[in-house]
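Colleague: Pasting start_30.txt below, which is compact mmCIF, C-alpha atoms.
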# COMPACT_ATOMS: atom_id res chain seq x y z
CA MET A 159 -30.11 11.09 21.97
CA THR A 160 -28.35 8.09 23.42
CA SER A 161 -31.54 6.07 23.82
CA LEU A 162 -32.60 6.88 20.28
CA HIS A 163 -29.24 5.69 19.05
CA SER A 164 -29.36 2.41 20.98
CA SER A 165 -32.96 1.59 20.05
CA HIS A 166 -31.99 2.19 16.46
CA LEU A 167 -29.15 -0.30 16.84
CA HIS A 168 -31.54 -2.87 18.32
CA ASP A 169 -32.95 -3.49 14.86
CA ARG A 170 -29.55 -4.49 13.61
CA ALA A 171 -28.34 -8.01 13.92
CA ARG A 172 -24.70 -8.77 14.54
CA ALA A 173 -22.66 -9.97 11.58
CA LYS A 174 -21.02 -13.36 11.76
CA ILE A 175 -19.05 -15.74 9.58
CA VAL A 176 -21.60 -18.46 8.84
CA ASP A 177 -19.62 -20.76 6.56
CA LEU A 178 -16.61 -20.98 4.24
CA ALA A 179 -15.69 -23.11 1.22
CA ALA A 180 -12.58 -23.26 -0.95
CA PHE A 181 -11.70 -23.94 -4.55
CA LEU A 182 -8.21 -24.90 -5.71
CA PRO A 183 -7.19 -25.23 -9.37
CA ALA A 184 -6.34 -28.81 -10.36
CA GLN A 185 -2.80 -28.21 -11.59
CA VAL A 186 -0.06 -28.72 -8.96
CA LEU A 187 3.50 -27.37 -8.89
CA SER A 188 5.79 -29.54 -6.73
CA ASN A 189 9.14 -28.73 -5.09
CA ASP A 190 10.76 -31.36 -7.31
CA ALA A 191 9.59 -29.53 -10.41
CA LEU A 192 10.95 -26.24 -9.02
CA ALA A 193 14.25 -27.80 -7.91
CA ALA A 194 14.79 -29.00 -11.45
CA LEU A 195 14.67 -25.35 -12.58
CA TYR A 196 16.75 -23.87 -9.73
CA PRO A 197 19.96 -25.90 -9.26
CA ASP A 198 20.91 -24.09 -6.00
CA TRP A 199 17.65 -24.91 -4.27
CA PRO A 200 17.06 -28.64 -3.69
CA ALA A 201 13.45 -29.67 -3.05
CA ALA A 202 14.17 -30.47 0.61
CA ARG A 203 15.55 -26.96 1.20
CA ILE A 204 12.53 -25.32 -0.42
CA HIS A 205 10.30 -27.33 1.90
CA ASP A 206 12.43 -26.66 4.94
CA LYS A 207 12.50 -22.87 4.48
CA THR A 208 9.06 -22.16 3.06
CA GLY A 209 7.06 -24.93 4.73
CA ILE A 210 5.48 -25.53 1.32
CA ARG A 211 5.35 -28.94 -0.37
CA GLN A 212 3.27 -27.94 -3.37
CA ARG A 213 1.18 -25.09 -4.77
CA HIS A 214 -1.92 -25.18 -6.94
CA VAL A 215 -1.62 -23.16 -10.14
CA ALA A 216 -4.45 -21.98 -12.39
CA ALA A 217 -4.46 -23.39 -15.92
CA GLU A 218 -4.05 -21.19 -18.96
CA GLY A 219 -7.35 -19.41 -19.47
CA GLU A 220 -8.47 -20.17 -15.90
CA THR A 221 -8.89 -16.83 -14.10
CA ALA A 222 -9.34 -15.73 -10.51
CA SER A 223 -13.06 -15.21 -11.17
CA ASP A 224 -13.27 -18.84 -12.34
CA LEU A 225 -11.73 -19.93 -9.05
CA ALA A 226 -14.07 -17.61 -7.13
CA CYS A 227 -17.03 -19.09 -9.01
CA GLY A 228 -15.92 -22.59 -7.98
CA ALA A 229 -15.57 -21.53 -4.34
CA ALA A 230 -19.01 -19.88 -4.32
CA GLN A 231 -20.63 -22.98 -5.83
CA ALA A 232 -18.88 -25.12 -3.21
CA LEU A 233 -20.26 -22.79 -0.51
CA PHE A 234 -23.82 -23.01 -1.91
CA ALA A 235 -23.50 -26.83 -2.11
CA ARG A 236 -22.82 -26.92 1.65
CA GLY A 237 -26.36 -25.63 2.13
CA ALA A 238 -26.01 -22.64 4.46
CA VAL A 239 -27.10 -20.23 1.74
CA SER A 240 -28.26 -20.25 -1.87
CA ALA A 241 -27.29 -17.88 -4.69
CA GLY A 242 -30.78 -16.34 -4.58
CA GLU A 243 -30.33 -15.26 -0.96
CA ILE A 244 -27.07 -13.31 -1.49
CA ASP A 245 -27.62 -9.55 -1.47
CA PHE A 246 -24.01 -8.35 -1.75
CA VAL A 247 -20.87 -9.67 -3.44
CA ILE A 248 -17.38 -8.51 -2.44
CA LEU A 249 -14.57 -9.94 -4.56
CA VAL A 250 -11.04 -9.42 -3.24
CA THR A 251 -8.64 -9.94 -6.13
CA GLN A 252 -5.60 -8.46 -7.82
CA ALA A 253 -6.11 -10.46 -11.00
CA PRO A 254 -9.43 -9.26 -12.48
CA ASP A 255 -10.77 -10.68 -15.75
CA TYR A 256 -10.84 -7.23 -17.35
CA VAL A 257 -9.63 -3.70 -16.65
CA LEU A 258 -13.35 -3.04 -16.49
CA PRO A 259 -16.03 -4.06 -15.59
CA SER A 260 -15.48 -5.34 -12.04
CA SER A 261 -15.20 -9.12 -11.91
CA ALA A 262 -17.73 -9.11 -9.06
CA CYS A 263 -20.38 -7.97 -11.57
CA LEU A 264 -19.53 -10.89 -13.86
CA LEU A 265 -19.81 -13.26 -10.91
CA GLN A 266 -23.25 -11.91 -9.91
CA HIS A 267 -24.56 -12.94 -13.31
CA ARG A 268 -22.62 -16.17 -13.56
CA LEU A 269 -23.66 -17.39 -10.10
CA GLY A 270 -27.32 -16.44 -10.52
CA ILE A 271 -27.26 -13.90 -7.70
CA PRO A 272 -30.28 -11.54 -7.80
CA ARG A 273 -29.99 -8.29 -9.73
CA SER A 274 -30.95 -6.48 -6.52
CA ALA A 275 -27.55 -7.40 -5.06
CA GLY A 276 -24.61 -5.00 -4.81
CA ALA A 277 -21.25 -6.13 -6.14
CA LEU A 278 -17.75 -4.68 -6.09
CA ASP A 279 -14.09 -5.62 -6.34
CA VAL A 280 -11.50 -4.85 -3.69
CA ASN A 281 -7.93 -4.54 -4.97
CA LEU A 282 -5.93 -5.84 -2.01
CA GLY A 283 -3.63 -8.81 -1.55
CA CYS A 284 -2.57 -10.54 1.65
CA SER A 285 -4.49 -8.13 3.89
CA GLY A 286 -7.63 -8.45 1.74
CA PHE A 287 -9.62 -11.02 3.70
CA VAL A 288 -9.57 -8.95 6.88
CA TYR A 289 -10.49 -5.80 4.94
CA GLY A 290 -13.29 -7.76 3.23
CA LEU A 291 -14.61 -8.84 6.63
CA SER A 292 -14.63 -5.24 7.83
CA LEU A 293 -16.67 -4.15 4.79
CA ALA A 294 -19.06 -7.11 5.07
CA LYS A 295 -19.59 -6.44 8.77
CA GLY A 296 -20.29 -2.79 8.01
CA LEU A 297 -22.87 -3.69 5.38
CA VAL A 298 -24.64 -6.19 7.62
CA GLU A 299 -24.58 -4.21 10.85
CA THR A 300 -25.84 -1.01 9.22
CA GLY A 301 -28.68 -3.00 7.68
CA ALA A 302 -27.50 -2.33 4.12
CA ALA A 303 -27.22 -6.05 3.40
CA ARG A 304 -28.10 -9.30 5.15
CA ARG A 305 -26.05 -11.97 3.40
CA VAL A 306 -22.70 -10.93 2.00
CA LEU A 307 -20.75 -13.29 -0.24
CA LEU A 308 -17.11 -12.44 0.48
CA LEU A 309 -14.90 -13.95 -2.23
CA THR A 310 -11.12 -13.98 -2.13
CA ALA A 311 -9.45 -15.18 -5.33
CA ASP A 312 -6.06 -14.67 -6.90
CA THR A 313 -3.79 -16.09 -9.56
CA TYR A 314 -0.39 -14.57 -8.78
CA SER A 315 1.13 -17.44 -10.81
CA LYS A 316 0.17 -15.55 -13.94
CA TYR A 317 2.33 -12.58 -12.83
CA ILE A 318 5.35 -14.74 -11.97
CA HIS A 319 8.25 -15.41 -14.34
CA PRO A 320 9.00 -19.17 -14.41
CA GLN A 321 12.65 -18.47 -13.57
CA ASP A 322 11.96 -16.26 -10.53
CA LYS A 323 12.47 -18.58 -7.58
CA SER A 324 12.08 -15.74 -5.05
CA VAL A 325 8.32 -15.75 -5.63
CA ARG A 326 7.54 -18.91 -7.59
CA THR A 327 8.46 -21.10 -4.62
CA LEU A 328 5.99 -19.22 -2.42
CA PHE A 329 2.78 -18.28 -4.17
CA GLY A 330 -0.14 -20.55 -5.01
CA ASP A 331 -3.50 -19.82 -6.64
CA ALA A 332 -6.77 -20.35 -4.75
CA ALA A 333 -10.18 -18.94 -3.94
CA VAL A 334 -12.39 -19.03 -0.86
CA ALA A 335 -16.05 -18.07 -0.50
CA THR A 336 -17.07 -16.81 2.94
CA LEU A 337 -20.65 -16.09 3.96
CA VAL A 338 -20.96 -13.12 6.31
CA ALA A 339 -24.56 -12.78 7.42
CA ALA A 340 -26.78 -11.28 10.06
CA ASP A 341 -26.83 -13.55 13.10
CA GLU A 342 -30.60 -13.89 13.60
CA ALA A 343 -30.15 -15.75 16.86
CA ALA A 344 -27.91 -13.25 18.61
CA PRO A 345 -29.41 -10.26 20.40
CA ALA A 346 -28.12 -6.90 19.20
CA HIS A 347 -26.26 -6.29 22.46
CA ALA A 348 -24.44 -9.64 22.18
CA HIS A 349 -20.68 -9.73 22.02
CA GLU A 350 -19.63 -8.97 18.49
CA SER A 351 -18.63 -12.03 16.50
CA ILE A 352 -16.45 -10.08 14.04
CA GLY A 353 -14.36 -7.16 15.30
CA PRO A 354 -13.08 -4.84 16.46
CA PHE A 355 -10.53 -4.03 13.77
CA VAL A 356 -7.22 -2.28 13.49
CA PHE A 357 -5.90 -1.20 10.09
CA GLY A 358 -2.60 -0.01 8.73
CA THR A 359 -1.22 1.30 5.46
CA ASP A 360 2.24 2.41 4.40
CA GLY A 361 2.37 3.26 0.72
CA SER A 362 6.09 4.02 1.01
CA GLY A 363 6.53 0.24 0.62
CA ALA A 364 4.55 0.12 -2.64
CA ARG A 365 7.56 -0.80 -4.75
CA ASP A 366 8.60 -3.72 -2.55
CA LEU A 367 5.80 -5.96 -3.82
CA ILE A 368 4.65 -4.83 -7.23
CA VAL A 369 3.68 -5.64 -10.80
CA GLU A 370 4.94 -2.37 -12.21
CA ALA A 371 3.90 -2.47 -15.86
CA GLY A 372 0.43 -2.96 -17.29
CA GLY A 373 -1.40 -0.15 -15.50
CA PHE A 374 -1.47 3.46 -16.62
CA ARG A 375 1.62 4.73 -14.76
CA ARG A 376 3.67 2.35 -16.86
CA PRO A 377 1.68 0.83 -19.72
CA GLY A 378 2.93 -2.50 -21.01
CA ASP A 379 5.17 -2.07 -24.05
CA ALA A 380 8.29 -3.55 -25.61
CA ALA A 381 10.56 -1.97 -22.99
CA SER A 382 8.50 -3.22 -20.03
CA ALA A 383 8.55 -6.73 -21.52
CA CYS A 384 12.35 -6.78 -21.54
CA GLU A 385 13.55 -9.58 -19.23
CA LEU A 386 16.43 -8.96 -16.82
CA THR A 387 18.34 -11.30 -14.50
CA ASP A 388 18.95 -9.99 -10.96
CA ALA A 389 21.96 -10.65 -8.68
CA SER A 390 20.32 -13.83 -7.32
CA GLY A 391 19.81 -15.24 -10.82
CA ASN A 392 16.06 -14.56 -10.88
CA VAL A 393 14.57 -13.49 -14.19
CA ARG A 394 11.69 -11.04 -14.61
CA SER A 395 10.38 -8.09 -16.62
CA ALA A 396 8.52 -5.02 -15.35
CA GLY A 397 5.32 -6.88 -16.22
CA HIS A 398 6.10 -9.64 -13.71
CA LEU A 399 5.64 -9.79 -9.96
CA TYR A 400 8.62 -8.39 -8.06
CA MET A 401 9.14 -8.87 -4.33
CA ASN A 402 11.86 -7.26 -2.23
CA GLY A 403 11.89 -10.14 0.22
CA ALA A 404 14.26 -8.52 2.71
CA ASP A 405 12.23 -5.32 3.07
CA VAL A 406 8.87 -7.09 3.11
CA PHE A 407 10.21 -9.34 5.85
CA ALA A 408 11.54 -6.39 7.86
CA PHE A 409 8.18 -4.60 7.44
CA THR A 410 6.33 -7.67 8.71
CA LEU A 411 8.51 -8.11 11.79
CA ARG A 412 8.04 -4.41 12.55
CA GLU A 413 4.29 -3.94 11.99
CA VAL A 414 2.55 -7.25 12.72
CA PRO A 415 3.43 -7.49 16.44
CA GLN A 416 2.40 -3.83 16.86
CA ALA A 417 -0.93 -4.46 15.10
CA ILE A 418 -1.59 -7.46 17.35
CA ASP A 419 -0.84 -5.43 20.48
CA ALA A 420 -2.99 -2.55 19.21
CA LEU A 421 -5.95 -4.89 18.64
CA LEU A 422 -5.58 -6.51 22.07
CA ASP A 423 -5.39 -3.04 23.60
CA LYS A 424 -8.48 -1.88 21.71
CA SER A 425 -10.36 -5.01 22.82
CA GLY A 426 -9.19 -4.88 26.41
CA LEU A 427 -7.76 -8.38 26.09
CA GLY A 428 -4.46 -10.06 26.92
CA ARG A 429 -2.45 -12.42 24.73
CA ASP A 430 -3.96 -15.47 26.45
CA ASP A 431 -7.56 -14.38 25.91
CA VAL A 432 -7.14 -15.30 22.24
CA SER A 433 -7.23 -19.05 21.49
CA LEU A 434 -5.60 -19.02 18.07
CA TYR A 435 -3.65 -16.45 16.10
CA VAL A 436 -4.40 -17.09 12.44
CA LEU A 437 -1.94 -14.98 10.50
CA HIS A 438 -1.63 -14.54 6.77
CA GLN A 439 0.17 -17.71 5.66
CA ALA A 440 3.13 -16.02 3.99
CA ASN A 441 5.68 -18.79 4.47
CA ARG A 442 6.85 -20.91 7.39
CA PHE A 443 10.09 -19.02 7.82
CA MET A 444 8.29 -15.72 8.30
CA LEU A 445 5.60 -17.21 10.56
CA ASP A 446 8.26 -18.88 12.74
CA ALA A 447 10.14 -15.59 13.10
CA LEU A 448 6.89 -13.79 14.04
CA ARG A 449 5.91 -16.52 16.46
CA ARG A 450 9.24 -16.29 18.29
CA LYS A 451 8.96 -12.53 18.45
CA LEU A 452 5.41 -12.78 19.83
CA GLY A 453 6.38 -15.51 22.28
CA LEU A 454 3.55 -17.83 21.20
CA ASP A 455 3.48 -21.65 21.17
CA ALA A 456 3.34 -23.32 17.78
CA ALA A 457 -0.11 -24.72 18.65
CA ARG A 458 -1.54 -21.19 19.05
CA MET A 459 -0.17 -19.83 15.79
CA PRO A 460 -0.94 -22.44 13.15
CA VAL A 461 0.92 -22.85 9.87
CA CYS A 462 -1.52 -24.29 7.30
CA MET A 463 0.05 -23.84 3.90
CA GLU A 464 2.03 -26.97 3.16
CA ASP A 465 -0.16 -28.11 0.26
CA VAL A 466 -1.25 -24.72 -1.09
CA GLY A 467 1.58 -22.19 -0.63
CA ASN A 468 1.00 -18.49 -0.01
CA THR A 469 -2.46 -17.93 -1.48
CA VAL A 470 -2.57 -14.15 -0.89
CA SER A 471 -6.05 -13.03 0.26
CA SER A 472 -7.27 -16.63 0.54
CA SER A 473 -4.56 -17.75 2.95
CA ILE A 474 -6.41 -16.83 6.16
CA PRO A 475 -9.82 -18.32 5.20
CA LEU A 476 -8.06 -21.44 3.82
CA ALA A 477 -6.34 -21.79 7.20
CA LEU A 478 -9.72 -21.38 8.93
CA ILE A 479 -11.16 -24.18 6.79
CA ALA A 480 -8.16 -26.43 7.53
CA LEU A 481 -8.45 -25.75 11.28
CA ARG A 482 -12.20 -26.37 11.21
CA GLU A 483 -11.69 -29.68 9.40
CA ALA A 484 -8.96 -30.67 11.87
CA GLY A 485 -11.45 -29.97 14.68
CA VAL A 486 -9.02 -27.75 16.59
CA ILE A 487 -11.22 -24.66 16.94
CA PRO A 488 -13.04 -24.88 20.30
CA THR A 489 -16.69 -23.76 20.19
CA GLY A 490 -16.96 -20.05 20.85
CA ALA A 491 -13.19 -19.66 20.78
CA ARG A 492 -11.82 -16.22 20.02
CA LEU A 493 -9.49 -16.15 17.01
CA MET A 494 -7.30 -13.30 15.90
CA LEU A 495 -6.85 -12.85 12.16
CA VAL A 496 -3.95 -10.75 10.88
CA GLY A 497 -3.42 -9.97 7.19
CA PHE A 498 -0.35 -8.11 5.93
CA GLY A 499 1.51 -7.56 2.69
CA VAL A 500 1.31 -5.79 -0.65
CA GLY A 501 0.62 -2.06 -0.29
CA TYR A 502 2.01 -2.13 2.31
CA SER A 503 -1.38 -2.88 3.81
CA TRP A 504 -2.29 -4.68 7.00
CA ALA A 505 -5.29 -5.31 9.24
CA ALA A 506 -6.24 -7.41 12.23
CA THR A 507 -9.54 -8.46 13.75
CA LEU A 508 -11.07 -10.89 16.22
CA ILE A 509 -13.70 -13.46 15.25
CA THR A 510 -15.63 -16.31 16.75
CA LEU A 511 -16.80 -19.11 14.49
CA MET B 239 31.92 -8.62 18.05
CA ASP B 240 32.44 -12.30 18.90
CA GLN B 241 28.84 -12.63 20.02
CA PHE B 242 27.58 -10.90 16.88
CA ILE B 243 29.66 -13.25 14.72
CA ALA B 244 28.38 -16.27 16.64
CA ARG B 245 24.79 -15.19 16.08
CA PHE B 246 25.45 -14.41 12.43
CA ALA B 247 27.03 -17.86 11.98
CA GLU B 248 24.01 -19.48 13.63
CA ALA B 249 21.65 -17.62 11.29
CA LEU B 250 23.66 -18.79 8.28
CA GLU B 251 24.14 -22.31 9.66
CA THR B 252 27.87 -21.94 9.17
CA ASP B 253 31.03 -22.35 11.30
CA PRO B 254 31.81 -19.18 13.32
CA ALA B 255 35.52 -20.08 13.32
CA ALA B 256 35.59 -19.28 9.60
CA LEU B 257 34.29 -15.73 10.18
CA ASP B 258 35.82 -12.53 11.55
CA ALA B 259 35.04 -8.80 11.58
CA GLY B 260 36.55 -8.36 8.14
CA THR B 261 34.58 -11.18 6.48
CA GLU B 262 32.81 -9.95 3.35
CA PHE B 263 29.67 -11.87 4.20
CA LYS B 264 27.91 -11.55 0.84
CA THR B 265 30.73 -13.52 -0.79
CA LEU B 266 30.13 -16.53 1.51
CA ALA B 267 29.13 -19.72 -0.28
CA ASN B 268 25.79 -20.03 1.54
CA TRP B 269 24.84 -16.35 1.31
CA ASP B 270 21.60 -15.96 -0.69
CA SER B 271 18.23 -14.26 -0.37
CA LEU B 272 17.08 -16.75 2.26
CA ALA B 273 20.27 -16.24 4.27
CA ALA B 274 19.53 -12.50 4.16
CA LEU B 275 16.11 -13.13 5.74
CA SER B 276 17.72 -15.26 8.47
CA VAL B 277 20.11 -12.42 9.29
CA ILE B 278 17.28 -9.85 9.35
CA ALA B 279 15.37 -12.13 11.75
CA MET B 280 18.46 -12.64 13.93
CA ILE B 281 19.11 -8.89 14.17
CA ASP B 282 15.46 -8.20 14.99
CA GLU B 283 15.39 -10.96 17.62
CA TYR B 284 18.65 -10.16 19.44
CA TYR B 285 19.11 -6.44 18.85
CA GLY B 286 15.55 -5.20 18.35
CA ALA B 287 16.70 -3.43 15.20
CA SER B 288 14.89 -3.40 11.87
CA ILE B 289 17.48 -3.85 9.12
CA GLY B 290 16.21 -3.72 5.54
CA GLY B 291 17.60 -4.73 2.17
CA ASP B 292 19.33 -1.36 1.62
CA GLU B 293 21.36 -1.62 4.82
CA LEU B 294 22.37 -5.18 3.99
CA GLU B 295 23.35 -3.97 0.54
CA ARG B 296 25.52 -1.15 1.92
CA ALA B 297 27.35 -3.30 4.47
CA ARG B 298 30.40 -5.07 3.01
CA THR B 299 32.00 -6.70 6.05
CA LEU B 300 30.53 -8.17 9.22
CA ASP B 301 31.93 -5.16 11.07
CA ASP B 302 29.99 -2.84 8.73
CA LEU B 303 26.85 -4.81 9.50
CA ARG B 304 27.46 -4.77 13.23
CA GLN B 305 27.92 -0.98 13.10
CA ALA B 306 24.71 -0.59 11.10
CA VAL B 307 22.89 -2.61 13.77
CA ALA B 308 24.46 -0.59 16.59
CA ALA B 309 23.39 2.66 14.91
CA LYS B 310 19.81 1.37 14.54
CA ALA B 311 19.59 -0.09 18.04
CA ALA B 312 20.92 3.14 19.62
Please re-express this file's structure in structure tokens.

Modeller:
Amino acid sequence: MTSLHSSHLHDRARAKIVDLAAFLPAQVLSNDALAALYPDWPAARIHDKTGIRQRHVAAEGETASDLACGAAQALFARGAVSAGEIDFVILVTQAPDYVLPSSACLLQHRLGIPRSAGALDVNLGCSGFVYGLSLAKGLVETGAARRVLLLTADTYSKYIHPQDKSVRTLFGDAAVATLVAADEAAPAHAHESIGPFVFGTDGSGARDLIVEAGGFRRPGDAASACELTDASGNVRSAGHLYMNGADVFAFTLREVPQAIDALLDKSGLGRDDVSLYVLHQANRFMLDALRRKLGLDAARMPVCMEDVGNTVSSSIPLALIALREAGVIPTGARLMLVGFGVGYSWAATLITL
Amino acid sequence: MDQFIARFAEALETDPAALDAGTEFKTLANWDSLAALSVIAMIDEYYGASIGGDELERARTLDDLRQAVAAKAA
């Protein structure tokens, strides 16, 4: 039985991240522009606390699938893969073009990906890239697909009230296209290049990061469009993004270090066996607090969000691109990726690039 | 209590001499949502306790907050 199982696995190549490319909308929102709206928060303070200098914001009529399309075209232009070779599309987004159909189906057609390809949307936020990797790896390593186009794309700006500084200072719009493909060169018994994974979900935190109205539990209507000002002077309606910053922060400090330890334990590794810890780029304040709690040097837990803000599911792959371009990822280095946020949902994995 | 006040003052980047157990901390000039995050981080770092928005909301004075932390850390 065992030998049958292993010979079966021999036909399966290992999945690996082959390449990544990003697309950012042209429009930029600076701290100066925000400070002009929020008298209590000077531009320097916004930068100091969030670590963000500017965010890119999608134009009116520019959707997450438009950004994803741009990222995919940028990936194809780099030459590692063409549209015709993609056999599965995974789009991680919380801002689909339509209630239905899935935006991934629209992108298959728009990008010229063969009709024999599978395509689906994944509705996850800041944990979404790691979840997407787990699905892509599963598809490749079971032989169901060979070249998976993993797209992360979001436009939280469209959910944010202009006068809500609690979220408008943080979030930026972006998309990244990641190619996860069978590693033809690696033998099947080679060390896995993506994985293992640990996951976590706690739906009791659902209301702490939410756009409440517009689904079917609370359809958008006149009442849900009513704008209210909270104790901090932030304005929003039930149709806007709401974040309970204090509870999301407490959740992060509680769960992320545990997830990291659980993944190290599962992998039989120690803290120092991992070169870089690439966490979801939520904001500098949160990353600094996590880094102190984990006892890691700044160099091993990079903060790469100054010019883009918190880009939800694209924050980890954008950080990977920035680190690659900076030339700070040693060949064969083991990186830990940790995504966490809306849901609550979190996941961690190890990769080599 | 003195040590708790000193750490609270450090989190808020304010003068500890201006604070005591009876200080209603949410009325302080530099108390805002970011200050709240700094205090949550301070409590997690020094006391290993996870304090959320509700507990911050319920506490009126620094002594209330210290007691909430002590109850969590116990």

Colleague: Using only C-alpha atoms, I'd like every residue of chain B that has an atom within 6 Å of chain A; please write them out as a list in words.

Modeller: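 Taking only C-alpha atoms into account, Leu275, Gly290 and Gly291 of chain B sit within 6 Å of chain A.
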
Colleague: Take the residues just selected and output them with C-alpha atoms as a compact mmCIF listing (two decimals), in the frame of the given file.

Modeller:
# COMPACT_ATOMS: atom_id res chain seq x y z
CA LEU B 275 16.11 -13.13 5.74
CA GLY B 290 16.21 -3.72 5.54
CA GLY B 291 17.60 -4.73 2.17

Colleague: When you look at Ala477 (chain A) with a cut-off of 10 Å (counting only C-alpha atoms), what residues show up, excluding the ones that are within fewer than 6 positions of it in the same chain? I need them as a ChimeraX atom specification.

Modeller: /A:436-439,460-463,483

Colleague: Distance CA of Arg482 (chain A)-CA of Thr510 (chain A), one decimal place?

Modeller: 12.0 Å

Colleague: To one decimal in Å, tell me the separation between CA of Asp341 (chain A) and CA of Ser223 (chain A).

Modeller: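 Taking CA of Asp341 (chain A) and CA of Ser223 (chain A), their separation equals 28.0 Å.
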
Colleague: Using only C-alpha atoms for the distances, tell me which of A:Ala184, A:Met401, A:Ala253, A:Leu495 is nearest to Leu291 (chain A).

Modeller: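 Looking only at the distances to Leu291 (chain A), the closest residue turns out to be A:Leu495.
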
Colleague: Can you tell me, as a list in words, what residues are no more than 8 Å from Arg305 (chain A) when counting only C-alpha atoms, ignoring any on the same chain fewer than 5 positions away?

Modeller: Glu243, Ile244, Asp245, Phe246, Val298, Leu337, Val338, Ala339 and Ala340 of chain A

Colleague: Under the rule that only C-alpha atoms are counted, which of A:Leu282, A:Val334, A:Leu511, A:Ala241 is the nearest residue to Phe498 (chain A)?

Modeller: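 For Phe498 (chain A), the nearest of the given residues is A:Leu282.
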
Colleague: CA of Val393 (chain A) to CA of Lys323 (chain A): how many Å, to one decimal?

Modeller: 8.6 Å

Colleague: Which residues are close to Leu422 (chain A), i.e. within 10 Å by all atoms listed in the file, leaving aside same-chain residues fewer than 6 positions away? Reply as a VMD selection string.

Modeller: chain A and resid 354 to 356 416 428 to 429 431 to 432 494 506 to 508

Colleague: In terms of the shortest atom-to-atom distance over only C-alpha atoms, which of A:Ala344, A:Ala179, A:Ala294, A:Ala173 is closest to Ala480 (chain A)?

Modeller: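 Looking only at the distances to Ala480 (chain A), the closest residue turns out to be A:Ala179.
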
Colleague: Can you tell me, as an MDAnalysis selection string, what residues are no more than 12 Å from His267 (chain A) when counting only C-alpha atoms, ignoring any on the same chain fewer than 4 positions away?

Modeller: chainID A and resid 223 227 241:242 247 260:263 271:277

Colleague: Smallest atom-to-atom distance to Lys264 (chain B): which of B:Met239, B:Ala297, B:Ala287, B:Ala249, using only C-alpha atoms?

Modeller: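 Looking only at the distances to Lys264 (chain B), the closest residue turns out to be B:Ala297.
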
Colleague: Using only C-alpha atoms, which of the listed residues (B:Ala256, B:Leu300, B:Leu294, B:Val307) sits closest to Ile281 (chain B)?

Modeller: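 Counting only C-alpha atoms, the residue closest to Ile281 (chain B) is B:Val307.
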
Colleague: With distances taken over all atoms listed in the file, which residue among B:Ile278, B:Leu272, B:Ala267, B:Leu250 lies nearest Leu303 (chain B)?

Modeller: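 The closest residue to Leu303 (chain B) is B:Ile278.
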
Colleague: Excluding same-chain residues fewer than 4 positions from Asp302 (chain B), what lies within 10 Å of it counting only C-alpha atoms, as a VMD selection string?

Modeller: chain B and resid 259 to 262 293 to 294 296 to 298 306 to 308

Colleague: Taking the point (22.8, -20.7, 12.7) as given in the file, collect each protein or nucleic acid residue that comes within 12 Å of it, counting all atoms listed in the file, and present the set as a list of chain:residue names.

Modeller: B:Phe242, B:Ile243, B:Ala244, B:Arg245, B:Phe246, B:Ala247, B:Glu248, B:Ala249, B:Leu250, B:Glu251, B:Thr252, B:Asp253, B:Pro254, B:Asn268, B:Ala273, B:Ser276, B:Val277, B:Ala279, B:Met280
